[in-house]
Protein chains: 2
Amino acid sequence: MAFIPRTRDTELLSPVVSNGHISTKEDKLQIDIEEILPITECNGETQPKLDSIISHYIQRLNKLNAVRNTNDRVSWTSGYPENQNFNYGTLAPLLNFHLNNAGDPFQGCSFSLNSTSFEVCLLDWFANLWEIEKNQYWGYVTTGGTEGNLHGILVSSSDSGEINCDELKTLLLAHKDKPAIINLNIGTTMKGGVDDLDLVIEVLKECGFAHDRFYIHCDGALFGMMLPFIKEAPKITFKKPIGSIAISGHKFLGCPIPCGIVITRSQYMNALSRDVEYIASRDVTITGSRSGHAPIFLWYAIKRKGFVGLQNEVQNCIMNACHLQHRLRDAGIGAMLNKFSNIVVFERPLDEDFIRKWSLACMGNIAHVVVMQHVTTEILDSFVSEFLQKRSIWFQDGRFLPLCIADDVGSRHCACSRHNSMS
Amino acid sequence: MAFIPRTRDTELLSPVVSNGHISTKEDKLQIDIEEILPITECNGETQPKLDSIISHYIQRLNKLNAVRNTNDRVSWTSGYPENQNFNYGTLAPLLNFHLNNAGDPFQGCSFSLNSTSFEVCLLDWFANLWEIEKNQYWGYVTTGGTEGNLHGILVSSSDSGEINCDELKTLLLAHKDKPAIINLNIGTTMKGGVDDLDLVIEVLKECGFAHDRFYIHCDGALFGMMLPFIKEAPKITFKKPIGSIAISGHKFLGCPIPCGIVITRSQYMNALSRDVEYIASRDVTITGSRSGHAPIFLWYAIKRKGFVGLQNEVQNCIMNACHLQHRLRDAGIGAMLNKFSNIVVFERPLDEDFIRKWSLACMGNIAHVVVMQHVTTEILDSFVSEFLQKRSIWFQDGRFLPLCIADDVGSRHCACSRHNSMS
């Protein structure tokens with residue numbers, strides 16, 4: 001068992017050996033694969049050997065992703081907001097084709113093996129979700145949230161992880177002569193804080209910024225796909241003066257490959273576009289070639305689940321996140337769960353193996369679990385039980401105490417010896 | 001039959017209707033799919049209906065990609081440098097997992113479902129191919145060639161499409177006080193021109209630029225993967241003072257999803273990196289989440305074929321490209337094929353349907369065929385026959401004449417009425 005110091009040290013956290021893959025001495029399965037992975041054969045490898053390598057790798061993935069076999073579960077993948085609860089078996093034959101949606105999905109592409117018709121239907125669905133007319137929007141399926149996000153101004157955040165609107169106001173007033181570009185976080189990565197869009201718009205108005213002097217981009221990586229399904233949640237919509245929304249496709253929806261969606265007002269894109277004769281399309285995306293598979297995966301997920309199916313999944317994730325928060329608090333462990341969020345933040349476990357086993361994402365004194373579709377209450381209960389058991393070992397001789405997380409999530413969510421309002 | 005004017009007009013070329021997909025009135029199959037693609041069902045679609053949509057789409061892809069069934073071939077996909085000759089059936093079960101290689105492949109990632117061990121083996125193979133020591137290089141699998149390429153200076157090009165070194169010299173001498181960043185094209189998209197790396201290095205030396213005052217990036221999208229297998233070809237290697245090489249993974253190697261490789265000297269990356277505790281890795285890539293599948297596809301392709309298999313494929317593609325050039329020239333059609341290239345450039349056909357049927361990429365007066373692995377001499381012969389037949393119709397009444405391509409590829413490759421040195 002390795003105790004983790006309070007200082008930021010990614011090396012200690014990183015479950016990695018020199019070849020870049022998780023490895024422990026016990027992991028015989030992996031060592032076998034790693035030995036045969038290097039490409040050294042001049043004449044190529046035999047098919048049986050290739051099949052065997054891939055089959056071993058799949059076994060390992062199944063073991064890591066063992067939540068699929070809940071009866072014999074040893075771990076989960078839960079520190080990260082990736083829905084692993086999907087079945088795209090129907091789409092497997094598509095691996096026989098290189099599909100490429102280079103260029104503007106609305107203009108199509110002269111490369112005939114594309115899936116722009118799926119892509120446009122998918123974008124239409126998002127435009128409808130975010131309340132913008134078909135002829136008013138433009139968008140495309142990206143390689144992920146990062147490609148969809150524009151660079152915004154940096155503003156400090158509050159305990160919940162949200163934008164600090166007082167500071168924003170000060171900044172805006174100090175730079176009244178310049179237009180403002182604001183990158184709003186619709187769900188921060190670590191704490192799941194949702195910036196208050198309405199308040200930001202209000203602050204801009206108060207500071208005298210007219211609509212044509214600001215641009216708001218909403219980075220909705222995970223929550224941008226969840227909030228529209230929660231009646232009481234703040235509305236992220238193009239009916240408000242926002243310029244664009246980006247979400248990750250592989251997070252809430254679930255997709256084998258990273259991808260995302262970006263939707264913006266068509267007025268902004270028309271000014272930027274440039275025709276590219278080679279592909280008979282417009283050069284309006286950041287990357288040239290774009291996956292033709294990603295739009296089909298996303299289209300398939302939404303088409304299969306429908307609005308109602310997605311809504312049920314959102315409610316379930318949030319309910320299960322509440323369950324985890326209550327279980328932790330009942331056990332005397334400080335835990336924060338933002339409103340409309342499925343990210344439960346708590347003290348960082350002291351044991352590296354425990355962190356790795358439960359695939360927890362950590363930052364300073366805090367860790368989090370993102371309660372995605374594949375994480376059941378049974379799994380959560382079993383996580384809490386083991387956490388409690390481990391804590392009793394870590395803290396038994398008094399040398400170590402529960403970490404204080406008040407600086408990260410506010411003292412009301414902290415149950416350290418100084419702040420233990422929870423106990 | 002639509003005649004295409006000489007002016008640049010992508011709309012006429014674009015085989016597209018409003019929903020962004022290729023469509024002709026005859027294409028009943030497609031119209032059926034397109035009608036059921038929109039996502040309107042609130043409760044989700046039934047599995048049989050989803051299966052049926054996907055199966056129809058796959059039928060359409062097979063039709064477009066009909067080169068797979070050479071006996072009953074109606075078309076090919078040949079205007080674009082994508083190898084469609086692959087079989088990744090073994091990898092289909094990997095679609096059950098979201099794999100994500102976020103961060104630095106050499107540090108791994110705390111998201112356990114990654115394929116960084118495959119990625120590192122793949123990168124090692126490329127480092128070896130481009131002659132740089134393991135401890136001297138850094139790289140990663142990108143979303144495609146575009147992500148791998150850095151922005152370079154713009155320099156005019158010669159008839160073959162290569163960099164104009166006289167102009168480069170003038171520019172360098174005019175800006176001796178500034179460092180030079182040069183983006184070399186190892187195979188231009190349209191004409192397949194390969195910039196002369198040795199000459200560029202020589203010019204830099206002549207102009208007094210020391211090694212620490214220039215940075216050469218080699219954009220080897222397609223040819224970067226072919227030249228190392230041709231003994232006589234100019235060597236693209238880190239033994240020369242280059243800074244980085246990028247290639248596309250889905251071009252020569254073949255991959256269902258767009259991807260690429262970038263390799264650089266580790267000294268450059270160490271200065272730029274920043275640790276990201278959340279993923280327990282370094283933030284050194286452009287996108288955040290990165291496909292875990294792409295490295296496995298590329299690894300698989302190379303592992304299966306080996307150096308010898310790849311070498312055979314390169315030779316075959318170039319031999320077949322020679323065959324096409326000869327067939328065209330013998331028939332009195334001007335055609336250019338650069339040395340070590342598989343891209344045959346010729347006059348743009350006048351008929352839009354013909355262009356679409358044969359998936360030709362066009363630009364101004366020229367069109368090209370990229371002779372990839374799936375394009376056989378039988379297909380090429382059948383293409384030339386039909387081209388000749390069509391030409392006899394287009395030119396029969398003397399209203400239209402073969403287009404002059406001398407401005408694009410030089411008069412020696414042109415067979416228009418003014419330059420018909422070939423006839």
# chains A, B, ... in the order shown; residues from 1 in each chain; ligands from 1
>>> select_by_dssp(residues="range 75-206 of chain A", states="strand (DSSP E)", output="number ranges by chain")
A: 137-142, 180-185
>>> residues_around(residues="Ile366 in chain B", least_positions_apart="6", cutoff="10 Å", atoms="only C-alpha atoms", output="list in words")
Met190, Lys191, Ala335, Val345, Phe346, Glu347, Arg348, Pro349, Leu403, Cys404, Ile405, Ala406, Asp407, Asp408 and Val409 of chain B
>>> residues_around(residues="Arg290 in chain A", least_positions_apart="4", cutoff="10 Å", atoms="only C-alpha atoms", output="list in words")
Leu99, Asn100, Asn101, Ala102, Gly103, Pro105, Asn114, Tyr140, Val141, Thr142, Thr143, Cys259, Thr285, Ile286, Ala294 and Pro295 of chain A; Thr143, Gly144, Ile257, Pro258 and Cys259 of chain B
>>> atom_distance(atom1="CA of Lys303 in chain A", atom2="CA of Asn62 in chain B")
23.4 Å
>>> closest_residue(among="B:Thr264, B:Gln325, B:Thr116, B:Asn83", to="Leu222 in chain B", atoms="only C-alpha atoms")
B:Asn83
>>> closest_residue(among="A:Glu386, A:Glu167, A:Asp212, A:Glu352", to="chain B", atoms="only C-alpha atoms")
A:Glu352
>>> closest_residue(among="B:Cys414, B:Leu337, B:Ile343, B:Met363", to="chain A", atoms="only C-alpha atoms")
B:Met363
>>> atom_distance(atom1="CA of Phe383 in chain B", atom2="CA of Phe354 in chain B")
9.9 Å
>>> closest_residue(among="A:Phe97, A:Phe252, A:Phe297, A:Trp130", to="chain B", atoms="only C-alpha atoms")
A:Phe97
>>> select_by_dssp(residues="range 145-273 of chain A", states="alpha helix (DSSP H)", output="mmCIF file with N, CA, C and O atoms, in the first residue's frame")
data_model
loop_
_atom_site.group_PDB
_atom_site.id
_atom_site.type_symbol
_atom_site.label_atom_id
_atom_site.label_comp_id
_atom_site.auth_asym_id
_atom_site.auth_seq_id
_atom_site.Cartn_x
_atom_site.Cartn_y
_atom_site.Cartn_z
ATOM 1 N N GLY A 145 -14.965 16.774 -27.327
ATOM 2 C CA GLY A 145 -15.317 18.062 -26.752
ATOM 3 C C GLY A 145 -14.268 19.128 -27.001
ATOM 4 O O GLY A 145 -14.587 20.292 -27.263
ATOM 5 N N THR A 146 -13.001 18.726 -26.950
ATOM 6 C CA THR A 146 -11.936 19.708 -27.072
ATOM 7 C C THR A 146 -11.987 20.436 -28.408
ATOM 8 O O THR A 146 -11.823 21.651 -28.470
ATOM 9 N N GLU A 147 -12.203 19.671 -29.487
ATOM 10 C CA GLU A 147 -12.273 20.315 -30.796
ATOM 11 C C GLU A 147 -13.450 21.279 -30.846
ATOM 12 O O GLU A 147 -13.394 22.318 -31.500
ATOM 13 N N GLY A 148 -14.543 20.915 -30.163
ATOM 14 C CA GLY A 148 -15.728 21.754 -30.200
ATOM 15 C C GLY A 148 -15.594 23.028 -29.384
ATOM 16 O O GLY A 148 -16.305 24.003 -29.605
ATOM 17 N N CYS A 165 -19.120 35.209 -10.790
ATOM 18 C CA CYS A 165 -19.718 36.285 -11.559
ATOM 19 C C CYS A 165 -19.304 37.677 -11.064
ATOM 20 O O CYS A 165 -19.302 38.636 -11.831
ATOM 21 N N ASP A 166 -18.939 37.780 -9.795
ATOM 22 C CA ASP A 166 -18.449 39.066 -9.288
ATOM 23 C C ASP A 166 -17.148 39.428 -9.993
ATOM 24 O O ASP A 166 -16.939 40.555 -10.428
ATOM 25 N N GLU A 167 -16.288 38.406 -10.099
ATOM 26 C CA GLU A 167 -15.010 38.642 -10.753
ATOM 27 C C GLU A 167 -15.208 38.928 -12.243
ATOM 28 O O GLU A 167 -14.520 39.767 -12.825
ATOM 29 N N LEU A 168 -16.165 38.214 -12.846
ATOM 30 C CA LEU A 168 -16.476 38.447 -14.255
ATOM 31 C C LEU A 168 -16.882 39.908 -14.470
ATOM 32 O O LEU A 168 -16.413 40.570 -15.399
ATOM 33 N N LYS A 169 -17.715 40.409 -13.555
ATOM 34 C CA LYS A 169 -18.200 41.787 -13.646
ATOM 35 C C LYS A 169 -17.025 42.767 -13.595
ATOM 36 O O LYS A 169 -16.913 43.680 -14.421
ATOM 37 N N THR A 170 -16.149 42.555 -12.639
ATOM 38 C CA THR A 170 -14.970 43.422 -12.515
ATOM 39 C C THR A 170 -14.159 43.422 -13.811
ATOM 40 O O THR A 170 -13.743 44.473 -14.311
ATOM 41 N N LEU A 171 -13.958 42.211 -14.360
ATOM 42 C CA LEU A 171 -13.175 42.083 -15.589
ATOM 43 C C LEU A 171 -13.847 42.794 -16.763
ATOM 44 O O LEU A 171 -13.191 43.475 -17.556
ATOM 45 N N LEU A 172 -15.159 42.602 -16.860
ATOM 46 C CA LEU A 172 -15.898 43.214 -17.970
ATOM 47 C C LEU A 172 -15.819 44.742 -17.895
ATOM 48 O O LEU A 172 -15.565 45.416 -18.894
ATOM 49 N N LEU A 173 -15.996 45.264 -16.674
ATOM 50 C CA LEU A 173 -15.972 46.732 -16.512
ATOM 51 C C LEU A 173 -14.579 47.291 -16.813
ATOM 52 O O LEU A 173 -14.450 48.391 -17.343
ATOM 53 N N ALA A 174 -13.569 46.496 -16.509
ATOM 54 C CA ALA A 174 -12.200 46.957 -16.750
ATOM 55 C C ALA A 174 -11.844 46.912 -18.235
ATOM 56 O O ALA A 174 -10.863 47.504 -18.664
ATOM 57 N N LEU A 197 -25.745 30.516 -16.719
ATOM 58 C CA LEU A 197 -25.841 31.241 -17.986
ATOM 59 C C LEU A 197 -26.666 32.521 -17.844
ATOM 60 O O LEU A 197 -26.263 33.587 -18.314
ATOM 61 N N ASP A 198 -27.804 32.412 -17.165
ATOM 62 C CA ASP A 198 -28.685 33.578 -17.039
ATOM 63 C C ASP A 198 -27.994 34.704 -16.283
ATOM 64 O O ASP A 198 -28.108 35.870 -16.651
ATOM 65 N N LEU A 199 -27.267 34.343 -15.236
ATOM 66 C CA LEU A 199 -26.564 35.357 -14.447
ATOM 67 C C LEU A 199 -25.468 36.017 -15.288
ATOM 68 O O LEU A 199 -25.286 37.240 -15.238
ATOM 69 N N VAL A 200 -24.764 35.204 -16.071
ATOM 70 C CA VAL A 200 -23.708 35.754 -16.917
ATOM 71 C C VAL A 200 -24.301 36.741 -17.927
ATOM 72 O O VAL A 200 -23.766 37.833 -18.149
ATOM 73 N N ILE A 201 -25.421 36.364 -18.528
ATOM 74 C CA ILE A 201 -26.082 37.250 -19.501
ATOM 75 C C ILE A 201 -26.509 38.539 -18.809
ATOM 76 O O ILE A 201 -26.345 39.647 -19.339
ATOM 77 N N GLU A 202 -27.009 38.409 -17.604
ATOM 78 C CA GLU A 202 -27.444 39.565 -16.811
ATOM 79 C C GLU A 202 -26.258 40.488 -16.519
ATOM 80 O O GLU A 202 -26.345 41.708 -16.661
ATOM 81 N N VAL A 203 -25.136 39.885 -16.115
ATOM 82 C CA VAL A 203 -23.931 40.660 -15.806
ATOM 83 C C VAL A 203 -23.455 41.415 -17.050
ATOM 84 O O VAL A 203 -23.086 42.588 -16.986
ATOM 85 N N LEU A 204 -23.488 40.729 -18.202
ATOM 86 C CA LEU A 204 -23.078 41.372 -19.458
ATOM 87 C C LEU A 204 -23.964 42.583 -19.746
ATOM 88 O O LEU A 204 -23.481 43.644 -20.142
ATOM 89 N N LYS A 205 -25.253 42.421 -19.519
ATOM 90 C CA LYS A 205 -26.216 43.492 -19.763
ATOM 91 C C LYS A 205 -25.929 44.667 -18.822
ATOM 92 O O LYS A 205 -25.820 45.813 -19.246
ATOM 93 N N GLU A 206 -25.779 44.323 -17.539
ATOM 94 C CA GLU A 206 -25.480 45.354 -16.526
ATOM 95 C C GLU A 206 -24.242 46.154 -16.884
ATOM 96 O O GLU A 206 -24.171 47.361 -16.645
ATOM 97 N N SER A 266 -25.610 29.745 -37.829
ATOM 98 C CA SER A 266 -25.038 29.696 -39.182
ATOM 99 C C SER A 266 -24.444 31.035 -39.595
ATOM 100 O O SER A 266 -23.494 31.084 -40.363
ATOM 101 N N GLN A 267 -24.969 32.124 -39.055
ATOM 102 C CA GLN A 267 -24.432 33.450 -39.422
ATOM 103 C C GLN A 267 -22.929 33.558 -39.164
ATOM 104 O O GLN A 267 -22.213 34.211 -39.906
ATOM 105 N N TYR A 268 -22.444 32.889 -38.094
ATOM 106 C CA TYR A 268 -21.017 32.980 -37.783
ATOM 107 C C TYR A 268 -20.181 32.184 -38.782
ATOM 108 O O TYR A 268 -19.074 32.559 -39.126
ATOM 109 N N MET A 269 -20.719 31.046 -39.216
ATOM 110 C CA MET A 269 -19.939 30.174 -40.086
ATOM 111 C C MET A 269 -19.845 30.691 -41.505
ATOM 112 O O MET A 269 -18.819 30.530 -42.158
ATOM 113 N N ASN A 270 -20.905 31.313 -41.982
ATOM 114 C CA ASN A 270 -20.887 31.783 -43.367
ATOM 115 C C ASN A 270 -19.751 32.756 -43.610
ATOM 116 O O ASN A 270 -19.179 32.816 -44.694
ATOM 117 N N ALA A 271 -19.406 33.511 -42.576
ATOM 118 C CA ALA A 271 -18.322 34.485 -42.710
ATOM 119 C C ALA A 271 -16.966 33.801 -42.807
ATOM 120 O O ALA A 271 -16.030 34.340 -43.390
ATOM 121 N N LEU A 272 -16.863 32.590 -42.261
ATOM 122 C CA LEU A 272 -15.557 31.932 -42.164
ATOM 123 C C LEU A 272 -15.275 30.922 -43.274
ATOM 124 O O LEU A 272 -14.145 30.555 -43.508
#
>>> decode(residues="range 181-224 of chain A", atoms="N, CA and C atoms", output="PDB file, in the first residue's frame")
ATOM      1  N   ILE A 181     -15.405  37.408 -25.064  1.00  0.00           N
ATOM      2  CA  ILE A 181     -15.631  36.015 -25.456  1.00  0.00           C
ATOM      3  C   ILE A 181     -15.646  35.207 -24.169  1.00  0.00           C
ATOM      4  N   ILE A 182     -16.763  34.571 -23.888  1.00  0.00           N
ATOM      5  CA  ILE A 182     -16.909  33.863 -22.613  1.00  0.00           C
ATOM      6  C   ILE A 182     -17.145  32.381 -22.863  1.00  0.00           C
ATOM      7  N   ASN A 183     -16.306  31.570 -22.232  1.00  0.00           N
ATOM      8  CA  ASN A 183     -16.406  30.131 -22.362  1.00  0.00           C
ATOM      9  C   ASN A 183     -17.073  29.587 -21.109  1.00  0.00           C
ATOM     10  N   LEU A 184     -18.344  29.239 -21.189  1.00  0.00           N
ATOM     11  CA  LEU A 184     -19.057  28.768 -19.997  1.00  0.00           C
ATOM     12  C   LEU A 184     -18.933  27.259 -19.849  1.00  0.00           C
ATOM     13  N   ASN A 185     -18.761  26.843 -18.615  1.00  0.00           N
ATOM     14  CA  ASN A 185     -18.648  25.427 -18.311  1.00  0.00           C
ATOM     15  C   ASN A 185     -19.999  24.871 -17.905  1.00  0.00           C
ATOM     16  N   ILE A 186     -20.590  24.071 -18.770  1.00  0.00           N
ATOM     17  CA  ILE A 186     -21.863  23.441 -18.410  1.00  0.00           C
ATOM     18  C   ILE A 186     -21.503  22.071 -17.832  1.00  0.00           C
ATOM     19  N   GLY A 187     -20.995  22.130 -16.620  1.00  0.00           N
ATOM     20  CA  GLY A 187     -20.500  20.913 -15.968  1.00  0.00           C
ATOM     21  C   GLY A 187     -18.989  20.881 -16.000  1.00  0.00           C
ATOM     22  N   THR A 188     -18.354  21.321 -14.905  1.00  0.00           N
ATOM     23  CA  THR A 188     -16.898  21.259 -14.864  1.00  0.00           C
ATOM     24  C   THR A 188     -16.466  19.804 -14.680  1.00  0.00           C
ATOM     25  N   THR A 189     -15.273  19.502 -15.145  1.00  0.00           N
ATOM     26  CA  THR A 189     -14.790  18.126 -15.174  1.00  0.00           C
ATOM     27  C   THR A 189     -14.741  17.499 -13.782  1.00  0.00           C
ATOM     28  N   MET A 190     -14.166  18.227 -12.834  1.00  0.00           N
ATOM     29  CA  MET A 190     -13.896  17.611 -11.537  1.00  0.00           C
ATOM     30  C   MET A 190     -15.082  17.673 -10.591  1.00  0.00           C
ATOM     31  N   LYS A 191     -15.748  18.851 -10.554  1.00  0.00           N
ATOM     32  CA  LYS A 191     -16.798  19.004  -9.540  1.00  0.00           C
ATOM     33  C   LYS A 191     -18.207  19.045 -10.116  1.00  0.00           C
ATOM     34  N   GLY A 192     -18.299  19.121 -11.437  1.00  0.00           N
ATOM     35  CA  GLY A 192     -19.631  19.156 -12.037  1.00  0.00           C
ATOM     36  C   GLY A 192     -20.378  20.441 -11.754  1.00  0.00           C
ATOM     37  N   GLY A 193     -19.652  21.547 -11.600  1.00  0.00           N
ATOM     38  CA  GLY A 193     -20.306  22.834 -11.398  1.00  0.00           C
ATOM     39  C   GLY A 193     -20.855  23.353 -12.718  1.00  0.00           C
ATOM     40  N   VAL A 194     -22.081  23.894 -12.694  1.00  0.00           N
ATOM     41  CA  VAL A 194     -22.680  24.426 -13.915  1.00  0.00           C
ATOM     42  C   VAL A 194     -22.699  25.947 -13.827  1.00  0.00           C
ATOM     43  N   ASP A 195     -22.030  26.612 -14.764  1.00  0.00           N
ATOM     44  CA  ASP A 195     -22.045  28.067 -14.757  1.00  0.00           C
ATOM     45  C   ASP A 195     -23.463  28.564 -14.981  1.00  0.00           C
ATOM     46  N   ASP A 196     -23.796  29.667 -14.315  1.00  0.00           N
ATOM     47  CA  ASP A 196     -25.148  30.206 -14.392  1.00  0.00           C
ATOM     48  C   ASP A 196     -25.255  31.104 -15.621  1.00  0.00           C
ATOM     49  N   LEU A 197     -25.745  30.516 -16.719  1.00  0.00           N
ATOM     50  CA  LEU A 197     -25.841  31.241 -17.986  1.00  0.00           C
ATOM     51  C   LEU A 197     -26.666  32.521 -17.844  1.00  0.00           C
ATOM     52  N   ASP A 198     -27.804  32.412 -17.165  1.00  0.00           N
ATOM     53  CA  ASP A 198     -28.685  33.578 -17.039  1.00  0.00           C
ATOM     54  C   ASP A 198     -27.994  34.704 -16.283  1.00  0.00           C
ATOM     55  N   LEU A 199     -27.267  34.343 -15.236  1.00  0.00           N
ATOM     56  CA  LEU A 199     -26.564  35.357 -14.447  1.00  0.00           C
ATOM     57  C   LEU A 199     -25.468  36.017 -15.288  1.00  0.00           C
ATOM     58  N   VAL A 200     -24.764  35.204 -16.071  1.00  0.00           N
ATOM     59  CA  VAL A 200     -23.708  35.754 -16.917  1.00  0.00           C
ATOM     60  C   VAL A 200     -24.301  36.741 -17.927  1.00  0.00           C
ATOM     61  N   ILE A 201     -25.421  36.364 -18.528  1.00  0.00           N
ATOM     62  CA  ILE A 201     -26.082  37.250 -19.501  1.00  0.00           C
ATOM     63  C   ILE A 201     -26.509  38.539 -18.809  1.00  0.00           C
ATOM     64  N   GLU A 202     -27.009  38.409 -17.604  1.00  0.00           N
ATOM     65  CA  GLU A 202     -27.444  39.565 -16.811  1.00  0.00           C
ATOM     66  C   GLU A 202     -26.258  40.488 -16.519  1.00  0.00           C
ATOM     67  N   VAL A 203     -25.136  39.885 -16.115  1.00  0.00           N
ATOM     68  CA  VAL A 203     -23.931  40.660 -15.806  1.00  0.00           C
ATOM     69  C   VAL A 203     -23.455  41.415 -17.050  1.00  0.00           C
ATOM     70  N   LEU A 204     -23.488  40.729 -18.202  1.00  0.00           N
ATOM     71  CA  LEU A 204     -23.078  41.372 -19.458  1.00  0.00           C
ATOM     72  C   LEU A 204     -23.964  42.583 -19.746  1.00  0.00           C
ATOM     73  N   LYS A 205     -25.253  42.421 -19.519  1.00  0.00           N
ATOM     74  CA  LYS A 205     -26.216  43.492 -19.763  1.00  0.00           C
ATOM     75  C   LYS A 205     -25.929  44.667 -18.822  1.00  0.00           C
ATOM     76  N   GLU A 206     -25.779  44.323 -17.539  1.00  0.00           N
ATOM     77  CA  GLU A 206     -25.480  45.354 -16.526  1.00  0.00           C
ATOM     78  C   GLU A 206     -24.242  46.154 -16.884  1.00  0.00           C
ATOM     79  N   CYS A 207     -23.261  45.461 -17.431  1.00  0.00           N
ATOM     80  CA  CYS A 207     -21.996  46.121 -17.758  1.00  0.00           C
ATOM     81  C   CYS A 207     -22.066  46.831 -19.108  1.00  0.00           C
ATOM     82  N   GLY A 208     -23.230  46.820 -19.720  1.00  0.00           N
ATOM     83  CA  GLY A 208     -23.410  47.581 -20.959  1.00  0.00           C
ATOM     84  C   GLY A 208     -22.935  46.884 -22.218  1.00  0.00           C
ATOM     85  N   PHE A 209     -22.812  45.563 -22.188  1.00  0.00           N
ATOM     86  CA  PHE A 209     -22.387  44.820 -23.385  1.00  0.00           C
ATOM     87  C   PHE A 209     -23.616  44.440 -24.218  1.00  0.00           C
ATOM     88  N   ALA A 210     -23.733  45.029 -25.406  1.00  0.00           N
ATOM     89  CA  ALA A 210     -24.847  44.679 -26.296  1.00  0.00           C
ATOM     90  C   ALA A 210     -24.591  43.296 -26.901  1.00  0.00           C
ATOM     91  N   HIS A 211     -25.632  42.693 -27.498  1.00  0.00           N
ATOM     92  CA  HIS A 211     -25.529  41.326 -28.032  1.00  0.00           C
ATOM     93  C   HIS A 211     -24.406  41.158 -29.050  1.00  0.00           C
ATOM     94  N   ASP A 212     -24.136  42.207 -29.809  1.00  0.00           N
ATOM     95  CA  ASP A 212     -23.110  42.063 -30.851  1.00  0.00           C
ATOM     96  C   ASP A 212     -21.698  42.300 -30.298  1.00  0.00           C
ATOM     97  N   ARG A 213     -21.605  42.501 -28.969  1.00  0.00           N
ATOM     98  CA  ARG A 213     -20.272  42.729 -28.410  1.00  0.00           C
ATOM     99  C   ARG A 213     -19.832  41.603 -27.457  1.00  0.00           C
ATOM    100  N   PHE A 214     -20.592  40.527 -27.446  1.00  0.00           N
ATOM    101  CA  PHE A 214     -20.105  39.366 -26.686  1.00  0.00           C
ATOM    102  C   PHE A 214     -20.456  38.078 -27.415  1.00  0.00           C
ATOM    103  N   TYR A 215     -19.685  37.045 -27.101  1.00  0.00           N
ATOM    104  CA  TYR A 215     -19.911  35.714 -27.682  1.00  0.00           C
ATOM    105  C   TYR A 215     -19.789  34.707 -26.547  1.00  0.00           C
ATOM    106  N   ILE A 216     -20.847  33.962 -26.334  1.00  0.00           N
ATOM    107  CA  ILE A 216     -20.826  32.954 -25.263  1.00  0.00           C
ATOM    108  C   ILE A 216     -20.768  31.559 -25.879  1.00  0.00           C
ATOM    109  N   HIS A 217     -19.712  30.826 -25.519  1.00  0.00           N
ATOM    110  CA  HIS A 217     -19.632  29.423 -25.926  1.00  0.00           C
ATOM    111  C   HIS A 217     -19.942  28.558 -24.713  1.00  0.00           C
ATOM    112  N   CYS A 218     -20.809  27.587 -24.871  1.00  0.00           N
ATOM    113  CA  CYS A 218     -21.161  26.694 -23.765  1.00  0.00           C
ATOM    114  C   CYS A 218     -20.456  25.351 -23.933  1.00  0.00           C
ATOM    115  N   ASP A 219     -19.523  25.077 -23.043  1.00  0.00           N
ATOM    116  CA  ASP A 219     -18.811  23.799 -23.062  1.00  0.00           C
ATOM    117  C   ASP A 219     -19.608  22.803 -22.236  1.00  0.00           C
ATOM    118  N   GLY A 220     -20.394  22.002 -22.933  1.00  0.00           N
ATOM    119  CA  GLY A 220     -21.324  21.112 -22.225  1.00  0.00           C
ATOM    120  C   GLY A 220     -20.911  19.667 -22.277  1.00  0.00           C
ATOM    121  N   ALA A 221     -19.604  19.418 -22.254  1.00  0.00           N
ATOM    122  CA  ALA A 221     -19.029  18.076 -22.438  1.00  0.00           C
ATOM    123  C   ALA A 221     -19.955  16.948 -21.993  1.00  0.00           C
ATOM    124  N   LEU A 222     -20.264  16.907 -20.704  1.00  0.00           N
ATOM    125  CA  LEU A 222     -21.118  15.836 -20.189  1.00  0.00           C
ATOM    126  C   LEU A 222     -22.545  16.332 -19.943  1.00  0.00           C
ATOM    127  N   PHE A 223     -22.665  17.451 -19.183  1.00  0.00           N
ATOM    128  CA  PHE A 223     -23.988  17.900 -18.742  1.00  0.00           C
ATOM    129  C   PHE A 223     -24.818  18.527 -19.859  1.00  0.00           C
ATOM    130  N   GLY A 224     -24.144  19.012 -20.916  1.00  0.00           N
ATOM    131  CA  GLY A 224     -24.882  19.616 -22.026  1.00  0.00           C
ATOM    132  C   GLY A 224     -25.883  18.623 -22.603  1.00  0.00           C
TER     133      GLY A 224
END
